[in-house]
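Note: the block below is protein08.cif and it holds mmCIF, C-alpha atoms.
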data_start
loop_
_atom_site.label_atom_id
_atom_site.label_comp_id
_atom_site.auth_asym_id
_atom_site.auth_seq_id
_atom_site.Cartn_x
_atom_site.Cartn_y
_atom_site.Cartn_z
CA MET A 411 100.11 109.70 80.62
CA PRO A 412 101.24 106.58 78.74
CA TYR A 413 104.41 106.32 80.86
CA GLU A 414 102.74 106.11 84.27
CA PHE A 415 99.78 104.68 86.09
CA ARG A 416 98.60 105.07 89.69
CA ALA A 417 96.39 102.89 91.84
CA THR A 418 95.68 102.79 95.56
CA ARG A 419 94.69 100.04 97.96
CA ARG A 420 94.24 99.48 101.66
CA VAL A 421 96.42 96.85 103.32
CA GLU A 422 94.37 93.83 104.38
CA PHE A 423 94.99 91.93 107.62
CA HIS A 424 95.87 88.69 105.79
CA GLU A 425 98.73 90.50 103.99
CA THR A 426 100.61 91.15 107.24
CA ASP A 427 102.95 89.04 109.33
CA LEU A 428 102.94 88.51 113.11
CA ALA A 429 104.51 91.94 113.59
CA GLY A 430 101.60 93.58 111.73
CA ILE A 431 103.83 94.53 108.79
CA VAL A 432 103.06 93.66 105.17
CA HIS A 433 104.86 90.43 104.34
CA PHE A 434 107.52 91.11 101.70
CA SER A 435 105.97 88.69 99.20
CA ASN A 436 102.81 90.78 98.94
CA PHE A 437 104.69 93.62 97.26
CA PHE A 438 105.12 91.29 94.26
CA ARG A 439 101.36 90.75 94.17
CA TYR A 440 100.84 94.50 94.38
CA MET A 441 103.26 95.00 91.47
CA GLU A 442 101.35 92.47 89.38
CA THR A 443 98.06 94.16 90.23
CA VAL A 444 99.18 97.64 89.17
CA GLU A 445 100.91 96.29 86.05
CA GLY A 446 97.69 94.57 84.94
CA ALA A 447 95.66 97.70 85.65
CA PHE A 448 98.12 99.76 83.57
CA TYR A 449 97.64 97.47 80.55
CA ARG A 450 93.85 97.45 81.04
CA SER A 451 93.87 101.26 81.05
CA PHE A 452 94.53 101.12 77.31
CA GLY A 453 92.47 98.02 76.54
CA GLN A 454 95.11 95.31 76.88
CA SER A 455 96.23 92.65 79.34
CA VAL A 456 99.29 90.54 80.17
CA LEU A 457 97.64 88.18 77.70
CA LEU A 458 97.69 90.36 74.59
CA ARG A 459 94.32 90.42 72.87
CA GLY A 460 93.43 90.63 69.21
CA PHE A 461 96.38 88.77 67.69
CA GLN A 462 96.19 85.54 65.70
CA ALA A 463 98.85 83.64 67.61
CA PRO A 464 98.60 83.81 71.42
CA MET A 465 100.91 86.45 72.91
CA GLY A 466 101.76 87.31 76.47
CA LEU A 467 104.04 89.28 78.78
CA PRO A 468 105.80 86.91 81.19
CA ARG A 469 108.06 88.44 83.82
CA VAL A 470 111.73 87.63 83.45
CA HIS A 471 112.90 89.65 86.45
CA ALA A 472 111.36 91.19 89.56
CA ASP A 473 112.87 92.79 92.63
CA CYS A 474 111.83 95.08 95.43
CA ASP A 475 113.70 97.37 97.82
CA TYR A 476 111.95 97.89 101.16
CA LEU A 477 112.45 101.29 102.73
CA LYS A 478 109.87 101.52 105.54
CA PRO A 479 107.21 99.20 106.94
CA LEU A 480 103.68 99.17 105.60
CA ARG A 481 101.04 98.07 108.11
CA PHE A 482 97.49 96.74 108.35
CA GLU A 483 94.93 99.33 107.16
CA ASP A 484 97.54 101.70 105.71
CA VAL A 485 96.55 103.08 102.32
CA VAL A 486 99.29 102.69 99.76
CA GLU A 487 99.65 104.34 96.38
CA MET A 488 101.32 102.22 93.70
CA HIS A 489 102.91 104.47 91.09
CA LEU A 490 103.98 102.52 88.00
CA LEU A 491 106.52 104.18 85.71
CA VAL A 492 107.90 102.85 82.42
CA LYS A 493 111.63 102.88 83.00
CA GLU A 494 112.71 101.37 79.68
CA LYS A 495 110.95 100.32 76.48
CA ARG A 496 112.80 98.13 74.03
CA GLU A 497 111.58 96.19 71.02
CA LYS A 498 110.74 93.07 73.07
CA VAL A 499 111.20 94.13 76.71
CA LEU A 500 109.52 96.55 79.10
CA ASN A 501 111.19 97.55 82.36
CA LEU A 502 108.77 98.97 84.88
CA GLN A 503 109.39 100.69 88.19
CA ILE A 504 106.71 100.69 90.86
CA ARG A 505 107.04 103.20 93.69
CA PHE A 506 105.00 102.49 96.80
CA ARG A 507 103.93 105.44 98.98
CA ARG A 508 101.94 105.23 102.17
CA ILE A 509 99.34 107.98 101.83
CA GLU A 510 97.25 107.19 104.96
CA PRO A 511 97.95 107.71 107.73
CA GLY A 512 100.19 110.66 106.99
CA PRO A 513 102.70 111.90 106.46
CA VAL A 514 103.10 110.54 102.92
CA GLU A 515 106.20 108.33 102.82
CA GLU A 516 107.87 106.18 100.21
CA VAL A 517 107.92 102.64 101.62
CA ALA A 518 109.25 100.47 98.77
CA VAL A 519 110.38 100.49 95.15
CA GLY A 520 110.01 97.51 92.87
CA HIS A 521 111.13 96.66 89.36
CA VAL A 522 109.60 94.27 86.85
CA ALA A 523 110.93 93.25 83.44
CA ALA A 524 108.41 91.71 81.04
CA VAL A 525 109.17 90.19 77.64
CA CYS A 526 106.71 89.93 74.78
CA VAL A 527 106.36 86.29 73.73
CA GLN A 528 104.33 84.44 71.16
CA ARG A 529 103.18 80.86 71.56
CA GLY A 530 103.93 78.49 68.72
CA THR A 531 101.66 75.69 67.55
CA ASP A 532 103.93 73.23 69.39
CA GLY A 533 103.36 75.10 72.68
CA SER A 534 106.81 76.68 72.80
CA PHE A 535 107.36 80.39 73.37
CA ARG A 536 109.66 82.78 71.54
CA SER A 537 110.31 86.43 72.17
CA VAL A 538 108.86 88.78 69.57
CA PRO A 539 108.61 92.55 69.17
CA TYR A 540 105.67 94.20 70.89
CA PRO A 541 102.82 94.69 68.42
CA GLU A 542 102.50 98.31 67.30
CA GLU A 543 98.92 98.41 68.66
CA PHE A 544 100.36 97.72 72.12
CA ALA A 545 103.66 99.63 71.90
CA ARG A 546 102.12 102.92 70.79
CA ASN A 547 100.35 103.16 74.15
CA ILE A 548 103.59 103.19 76.11
CA GLU A 549 106.26 105.87 76.50
CA ILE A 550 109.33 106.10 78.70
CA ALA A 551 108.94 108.12 81.90
CA PRO A 552 111.04 111.25 82.34
CA ALA A 553 114.21 110.43 84.28
CA GLU A 554 113.36 112.89 87.06
CA LEU A 555 110.31 110.80 88.02
CA LEU A 556 112.28 107.58 88.47
CA TRP A 557 113.64 106.49 91.83
CA PRO A 558 117.37 107.20 91.77
CA GLY A 559 118.27 104.51 94.31
CA ARG A 560 119.14 101.88 91.69
CA ALA A 561 121.36 102.03 88.66
CA ALA A 562 119.69 99.07 86.95
#
Once more with this new file: its structure as structure tokens, please.
Amino acid sequence: MPYEFRATRRVEFHETDLAGIVHFSNFFRYMETVEGAFYRSFGQSVLLRGFQAPMGLPRVHADCDYLKPLRFEDVVEMHLLVKEKREKVLNLQIRFRRIEPGPVEEVAVGHVAAVCVQRGTDGSFRSVPYPEEFARNIEIAPAELLWPGRAA
């Protein structure tokens, strides 16, 4: 579906703190990983390809709510959902579920806002509408799939 993407990974030892729990900062790396994989699933990247002037998708906001600990060697599913699609901005929600060992549990929910920008010849950036070739690959997820714990 063009409104969701799923990927899994196993937690590595170096991603944990002294308590054996994934350090909070790694969830932001996980969000970036699944976001990039989502774009690659339809032939794109955070650096938009195939356009005359360089374009990209810098993040303008990111947050994460931690619900339960994730530990070394747990397998986590990252479920990306498109929460909002505007002319120049995408708001993504990433739900993290521990799938091994069971039982399956939601452990965190993150949000990322990315803006489409174009680089000028002077090196400056300005926000621009998403190119149609990119935007047509993305739909908004049904509300019932989104985590209800946040209003924004």
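Residue nearest Glu422 (chain A) within the list A:Pro513, A:Val485, A:Pro468, A:Lys478: A:Val485 [criterion: smallest interatomic distance, all atoms listed in the file].
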Exercise. What is the distance, in Å and to one decimal place, between CA of Glu487 (chain A) and CA of Leu428 (chain A)?
Worked result: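 These two atoms are separated by 23.3 Å.
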Exercise. Between A:Arg450, A:Lys493, A:Arg481, A:Arg529, which one has atoms that come closest to Val432 (chain A), using all atoms listed in the file?
Worked result: A:Arg481
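Taking only C-alpha atoms into account, Ser537 (chain A) lies nearest to A:Glu497 out of the set A:Asp475, A:Glu497, A:Glu549, A:Glu483.
Reported to one decimal place, the separation of CA of Val421 (chain A) from CA of His433 (chain A) is 10.7 Å.
Put simply, the PyMOL selection byres ((chain A and resi 444) around 10) on this file hits A:Phe415, A:Arg416, A:Ala417, A:Thr418, A:Arg439, A:Tyr440, A:Met441, A:Glu442, A:Thr443, A:Glu445, A:Gly446, A:Ala447, A:Phe448, A:Tyr449, A:Arg450, A:Glu487, A:Met488, A:His489, A:Leu490, A:Ile504.
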Give as an mmCIF file with C-alpha atoms, in the frame of the given file each residue that has an atom at most 10 Å from (103.8, 98.5, 72.5) in the file, counting only C-alpha atoms.
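This is the output file out-v9.cif:
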data_model
loop_
_atom_site.group_PDB
_atom_site.id
_atom_site.type_symbol
_atom_site.label_atom_id
_atom_site.label_comp_id
_atom_site.auth_asym_id
_atom_site.auth_seq_id
_atom_site.Cartn_x
_atom_site.Cartn_y
_atom_site.Cartn_z
ATOM 1 C CA LYS A 495 110.950 100.320 76.480
ATOM 2 C CA ARG A 496 112.800 98.130 74.030
ATOM 3 C CA GLU A 497 111.580 96.190 71.020
ATOM 4 C CA LYS A 498 110.740 93.070 73.070
ATOM 5 C CA VAL A 499 111.200 94.130 76.710
ATOM 6 C CA LEU A 500 109.520 96.550 79.100
ATOM 7 C CA CYS A 526 106.710 89.930 74.780
ATOM 8 C CA PRO A 539 108.610 92.550 69.170
ATOM 9 C CA TYR A 540 105.670 94.200 70.890
ATOM 10 C CA PRO A 541 102.820 94.690 68.420
ATOM 11 C CA GLU A 542 102.500 98.310 67.300
ATOM 12 C CA GLU A 543 98.920 98.410 68.660
ATOM 13 C CA PHE A 544 100.360 97.720 72.120
ATOM 14 C CA ALA A 545 103.660 99.630 71.900
ATOM 15 C CA ARG A 546 102.120 102.920 70.790
ATOM 16 C CA ASN A 547 100.350 103.160 74.150
ATOM 17 C CA ILE A 548 103.590 103.190 76.110
ATOM 18 C CA GLU A 549 106.260 105.870 76.500
#
Need the axis-aligned box for region 454-461 of chain A with 8 Å each side, so what are the centre and edges in Å to one decimal, as AutoDock Vina command-line options?
--center_x 96.4 --center_y 91.7 --center_z 73.9 --size_x 21.9 --size_y 23.1 --size_z 28.5
For this session: Could you jot down the CA of Glu510 (chain A) to CA of Pro479 (chain A) separation for me, Å, one decimal place?
Result: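 Going from CA of Glu510 (chain A) over to CA of Pro479 (chain A) covers 12.9 Å.
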Problem set entry | Counting only C-alpha atoms, the residue of A:Leu477, A:Arg536, A:Gln454, A:Leu556 that sits nearest Ala518 (chain A) | A:Leu477
